[in-house]
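Notes follow the structure.
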Amino acid sequence: MEKTIRKAVRCYLIKDEKILVVKYKNDNNKKDFYDIPGGKIEEGETPEQTVIREMNEETGVMPKNIKNKGRMVIEYPKKIFDFNVFYTNEYEGVNQEFEDNISEWIEIDKLLKEDKILPNSLILNRFFIDSLIKEELIFDMHIVVDELENVISVTYNII
């Protein structure tokens, strides 16, 4: 069986040891899960345009001076998410609450202790935060998970 591949983006907006995240309110599969803002790349849209649109739709803020930091593939038993990963510490606006999610600033260490975080938060250990911030470093990461969001394996390369 061939897996469905979804091209998408994630943007890690980090400021003062905190990260802007979304927390789902209504999705039965992801209710109360924390996620990194982002979403599907629409036809005719660049990854950079997607980051700006999705960040605004999901958080209410407009990211500025975004940097492409590489690629993260998250492989589930029946589907694959192929993310372009972006980082910034610059933005305009104030995070907001929406019908499907609330956006909030959370300390990175606190986020990593939460029970309900999605696999794209794995990048938030000290090594990868430093890699995100250093302009010259780009990474390529592959995460294999089960349907319950449990991580089976993680491989990566830093360029």
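Within each chain, counting starts at residue 1; across the structure tokens, chains are named A, B, ... in the order shown, with ligands numbered 1 upward in that order.
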- Could you give me, as a PyMOL selection string, the residues within 6 Å of segment 30-37 of chain A, counting only C-alpha atoms and dropping anything in the same chain fewer than 4 positions from it? chain A and resi 10-11+21-26+55+116-118
Residues from last step as file, N, CA and C atoms, as a PDB file, in the first residue's frame:
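Wrote part-v8.pdb, looks like this:
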```pdb
ATOM      1  N   ARG A  10       5.943  24.038   8.860  1.00  0.00           N
ATOM      2  CA  ARG A  10       5.847  24.324  10.285  1.00  0.00           C
ATOM      3  C   ARG A  10       6.763  25.514  10.548  1.00  0.00           C
ATOM      4  N   CYS A  11       6.312  26.413  11.439  1.00  0.00           N
ATOM      5  CA  CYS A  11       7.121  27.583  11.779  1.00  0.00           C
ATOM      6  C   CYS A  11       7.328  27.640  13.286  1.00  0.00           C
ATOM      7  N   VAL A  21       2.615  28.257  20.172  1.00  0.00           N
ATOM      8  CA  VAL A  21       2.019  26.980  19.787  1.00  0.00           C
ATOM      9  C   VAL A  21       0.518  27.144  19.622  1.00  0.00           C
ATOM     10  N   VAL A  22      -0.099  26.136  19.011  1.00  0.00           N
ATOM     11  CA  VAL A  22      -1.555  26.050  18.979  1.00  0.00           C
ATOM     12  C   VAL A  22      -1.953  24.834  19.812  1.00  0.00           C
ATOM     13  N   LYS A  23      -3.120  24.951  20.461  1.00  0.00           N
ATOM     14  CA  LYS A  23      -3.681  23.841  21.225  1.00  0.00           C
ATOM     15  C   LYS A  23      -5.087  23.607  20.686  1.00  0.00           C
ATOM     16  N   TYR A  24      -5.320  22.385  20.186  1.00  0.00           N
ATOM     17  CA  TYR A  24      -6.593  22.069  19.536  1.00  0.00           C
ATOM     18  C   TYR A  24      -7.717  21.964  20.559  1.00  0.00           C
ATOM     19  N   LYS A  25      -8.894  22.490  20.181  1.00  0.00           N
ATOM     20  CA  LYS A  25     -10.056  22.458  21.073  1.00  0.00           C
ATOM     21  C   LYS A  25     -11.118  21.457  20.634  1.00  0.00           C
ATOM     22  N   ASN A  26     -11.291  21.251  19.324  1.00  0.00           N
ATOM     23  CA  ASN A  26     -12.448  20.500  18.829  1.00  0.00           C
ATOM     24  C   ASN A  26     -12.135  19.198  18.115  1.00  0.00           C
ATOM     25  N   MET A  55       0.409  30.862   9.803  1.00  0.00           N
ATOM     26  CA  MET A  55       0.672  31.482  11.104  1.00  0.00           C
ATOM     27  C   MET A  55      -0.415  32.489  11.435  1.00  0.00           C
ATOM     28  N   LYS A 116       0.439  15.601  25.794  1.00  0.00           N
ATOM     29  CA  LYS A 116      -0.183  15.645  24.470  1.00  0.00           C
ATOM     30  C   LYS A 116       0.532  16.651  23.571  1.00  0.00           C
ATOM     31  N   ILE A 117       1.682  16.239  23.054  1.00  0.00           N
ATOM     32  CA  ILE A 117       2.384  17.048  22.051  1.00  0.00           C
ATOM     33  C   ILE A 117       2.573  16.188  20.816  1.00  0.00           C
ATOM     34  N   LEU A 118       2.534  16.838  19.658  1.00  0.00           N
ATOM     35  CA  LEU A 118       2.709  16.108  18.401  1.00  0.00           C
ATOM     36  C   LEU A 118       4.192  15.928  18.101  1.00  0.00           C
TER      37      LEU A 118
END
```
- Task: Mind checking which residues fall within 10 Å of Asn95 of chain A, counting only C-alpha atoms, ignoring those fewer than 2 positions away in the same chain, and posting them as a ChimeraX atom specification?
- Result: /A:20-22,55-56,58-62,92-93,97-98,102-105
- Task: Determine which residues of segment 4-153 of chain A DSSP labels as alpha helix (DSSP H) from the backbone of this structure, then write them out as an MDAnalysis selection string.
- Result: chainID A and resid 47:59 108:113 126:133
Let me see the file: selected residues, C-alpha atoms, as a PDB file, in the first residue's frame.
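What landed in selection-v7.pdb:
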```pdb
ATOM      1  CA  PRO A  47       6.393  27.372   1.368  1.00  0.00           C
ATOM      2  CA  GLU A  48       7.213  30.904   2.562  1.00  0.00           C
ATOM      3  CA  GLN A  49       3.744  32.146   1.561  1.00  0.00           C
ATOM      4  CA  THR A  50       2.206  29.156   3.342  1.00  0.00           C
ATOM      5  CA  VAL A  51       4.069  29.976   6.576  1.00  0.00           C
ATOM      6  CA  ILE A  52       2.771  33.542   6.596  1.00  0.00           C
ATOM      7  CA  ARG A  53      -0.823  32.499   5.772  1.00  0.00           C
ATOM      8  CA  GLU A  54      -0.964  29.598   8.225  1.00  0.00           C
ATOM      9  CA  MET A  55       0.672  31.482  11.104  1.00  0.00           C
ATOM     10  CA  ASN A  56      -1.856  34.270  10.692  1.00  0.00           C
ATOM     11  CA  GLU A  57      -4.817  31.856  10.387  1.00  0.00           C
ATOM     12  CA  GLU A  58      -3.777  29.729  13.379  1.00  0.00           C
ATOM     13  CA  THR A  59      -2.246  32.277  15.761  1.00  0.00           C
ATOM     14  CA  ILE A 108       9.803  25.219  25.740  1.00  0.00           C
ATOM     15  CA  ASP A 109      10.770  23.095  28.753  1.00  0.00           C
ATOM     16  CA  LYS A 110       7.137  23.072  29.934  1.00  0.00           C
ATOM     17  CA  LEU A 111       5.871  22.114  26.457  1.00  0.00           C
ATOM     18  CA  LEU A 112       8.226  19.141  26.307  1.00  0.00           C
ATOM     19  CA  LYS A 113       6.814  17.846  29.610  1.00  0.00           C
ATOM     20  CA  ARG A 126      18.520  22.198  23.148  1.00  0.00           C
ATOM     21  CA  PHE A 127      20.567  20.850  20.230  1.00  0.00           C
ATOM     22  CA  PHE A 128      17.888  21.580  17.667  1.00  0.00           C
ATOM     23  CA  ILE A 129      16.910  24.925  19.159  1.00  0.00           C
ATOM     24  CA  ASP A 130      20.519  25.979  18.781  1.00  0.00           C
ATOM     25  CA  SER A 131      20.479  24.590  15.217  1.00  0.00           C
ATOM     26  CA  LEU A 132      17.306  26.525  14.398  1.00  0.00           C
ATOM     27  CA  ILE A 133      18.810  29.767  15.655  1.00  0.00           C
TER      28      ILE A 133
END
```
- Apply DSSP to the structure's backbone, then extract all residues of segment 15-47 of chain A labelled strand (DSSP E) and return them as a list in words.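 So, restricting segment 15-47 of chain A to strand (DSSP E), we get Lys15, Lys18, Ile19, Leu20, Val21, Val22, Lys23, Tyr24, Tyr34, Asp35, Gly38, Gly39 and Lys40 of chain A.
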- Query: Can you tell me, as a ChimeraX atom specification, what residues are no more than 7 Å from segment 149-155 of chain A when counting only C-alpha atoms, ignoring any on the same chain fewer than 5 positions away?
  - Reply: /A:118-119,141-144
Could those selected residues go to a file with N, CA and C atoms, as an mmCIF file, in the first residue's frame?
```cif
data_model
loop_
_atom_site.group_PDB
_atom_site.id
_atom_site.type_symbol
_atom_site.label_atom_id
_atom_site.label_comp_id
_atom_site.auth_asym_id
_atom_site.auth_seq_id
_atom_site.Cartn_x
_atom_site.Cartn_y
_atom_site.Cartn_z
ATOM 1 N N LEU A 118 2.534 16.838 19.658
ATOM 2 C CA LEU A 118 2.709 16.108 18.401
ATOM 3 C C LEU A 118 4.192 15.928 18.101
ATOM 4 N N PRO A 119 4.544 14.948 17.270
ATOM 5 C CA PRO A 119 5.956 14.616 17.036
ATOM 6 C C PRO A 119 6.818 15.770 16.521
ATOM 7 N N MET A 141 15.352 15.778 8.839
ATOM 8 C CA MET A 141 14.958 14.861 9.904
ATOM 9 C C MET A 141 13.849 13.937 9.420
ATOM 10 N N HIS A 142 13.894 12.682 9.871
ATOM 11 C CA HIS A 142 12.867 11.698 9.546
ATOM 12 C C HIS A 142 12.411 11.060 10.862
ATOM 13 N N ILE A 143 11.104 11.201 11.150
ATOM 14 C CA ILE A 143 10.523 10.655 12.380
ATOM 15 C C ILE A 143 9.477 9.626 11.979
ATOM 16 N N VAL A 144 9.565 8.435 12.553
ATOM 17 C CA VAL A 144 8.560 7.394 12.305
ATOM 18 C C VAL A 144 7.729 7.270 13.581
#
```
Can you tell me, as an mmCIF file with N, CA and C atoms, in the first residue's frame, what residues are no more than 9 Å from Asp82 of chain A when counting only C-alpha atoms, ignoring any on the same chain fewer than 5 positions away?
```cif
data_model
loop_
_atom_site.group_PDB
_atom_site.id
_atom_site.type_symbol
_atom_site.label_atom_id
_atom_site.label_comp_id
_atom_site.auth_asym_id
_atom_site.auth_seq_id
_atom_site.Cartn_x
_atom_site.Cartn_y
_atom_site.Cartn_z
ATOM 1 N N ILE A 5 1.198 11.315 0.728
ATOM 2 C CA ILE A 5 2.200 12.295 1.154
ATOM 3 C C ILE A 5 1.559 13.675 1.154
ATOM 4 N N ARG A 6 1.678 14.375 2.285
ATOM 5 C CA ARG A 6 1.138 15.722 2.392
ATOM 6 C C ARG A 6 2.291 16.697 2.573
ATOM 7 N N LYS A 7 2.431 17.632 1.638
ATOM 8 C CA LYS A 7 3.455 18.676 1.712
ATOM 9 C C LYS A 7 2.920 19.816 2.565
ATOM 10 N N ALA A 8 3.706 20.217 3.555
ATOM 11 C CA ALA A 8 3.241 21.233 4.489
ATOM 12 C C ALA A 8 4.430 22.006 5.059
ATOM 13 N N VAL A 9 4.128 22.944 5.937
ATOM 14 C CA VAL A 9 5.156 23.744 6.605
ATOM 15 C C VAL A 9 4.894 23.750 8.108
ATOM 16 N N ARG A 71 14.125 20.343 6.459
ATOM 17 C CA ARG A 71 12.998 19.456 6.173
ATOM 18 C C ARG A 71 12.806 18.470 7.320
ATOM 19 N N MET A 72 11.542 18.197 7.626
ATOM 20 C CA MET A 72 11.188 17.197 8.618
ATOM 21 C C MET A 72 10.094 16.316 8.023
ATOM 22 N N VAL A 73 10.362 15.025 7.931
ATOM 23 C CA VAL A 73 9.379 14.063 7.432
ATOM 24 C C VAL A 73 8.879 13.270 8.630
ATOM 25 N N ILE A 74 7.552 13.257 8.805
ATOM 26 C CA ILE A 74 6.944 12.458 9.867
ATOM 27 C C ILE A 74 6.124 11.377 9.184
ATOM 28 N N GLU A 75 6.523 10.132 9.418
ATOM 29 C CA GLU A 75 5.918 8.988 8.731
ATOM 30 C C GLU A 75 5.031 8.189 9.682
#
```
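Between atom CA of Lys64 of chain A and atom CA of Ile41 of chain A the interatomic distance comes to 18.6 Å.
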- Please measure the separation of atom CA of Asp100 of chain A and atom CA of Leu124 of chain A, giving the value in Å to one decimal.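 Separation of atom CA of Asp100 of chain A and atom CA of Leu124 of chain A: 24.1 Å.
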- Query: If you count only C-alpha atoms, which residues fall within 7 Å of Asn68 of chain A, apart from same-chain ones fewer than 4 positions away, as a ChimeraX atom specification?
  - Reply: /A:85-87
- Item | Atom-to-atom span, atom CA of Lys15 of chain A and atom CA of Asn84 of chain A, Å |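 These atoms are spaced 20.4 Å apart.
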- Message: Calculated over only C-alpha atoms, which of the candidates A:Gly44, A:Pro77, A:Pro63, A:Gly38 has the smallest distance to Asn120 of chain A?
- Response: A:Gly38
- Note on the structure: Using only C-alpha atoms, the shortest atom-to-atom distance to Glu147 of chain A among A:Thr4, A:Thr46, A:Thr88, A:Asn29 belongs to A:Asn29
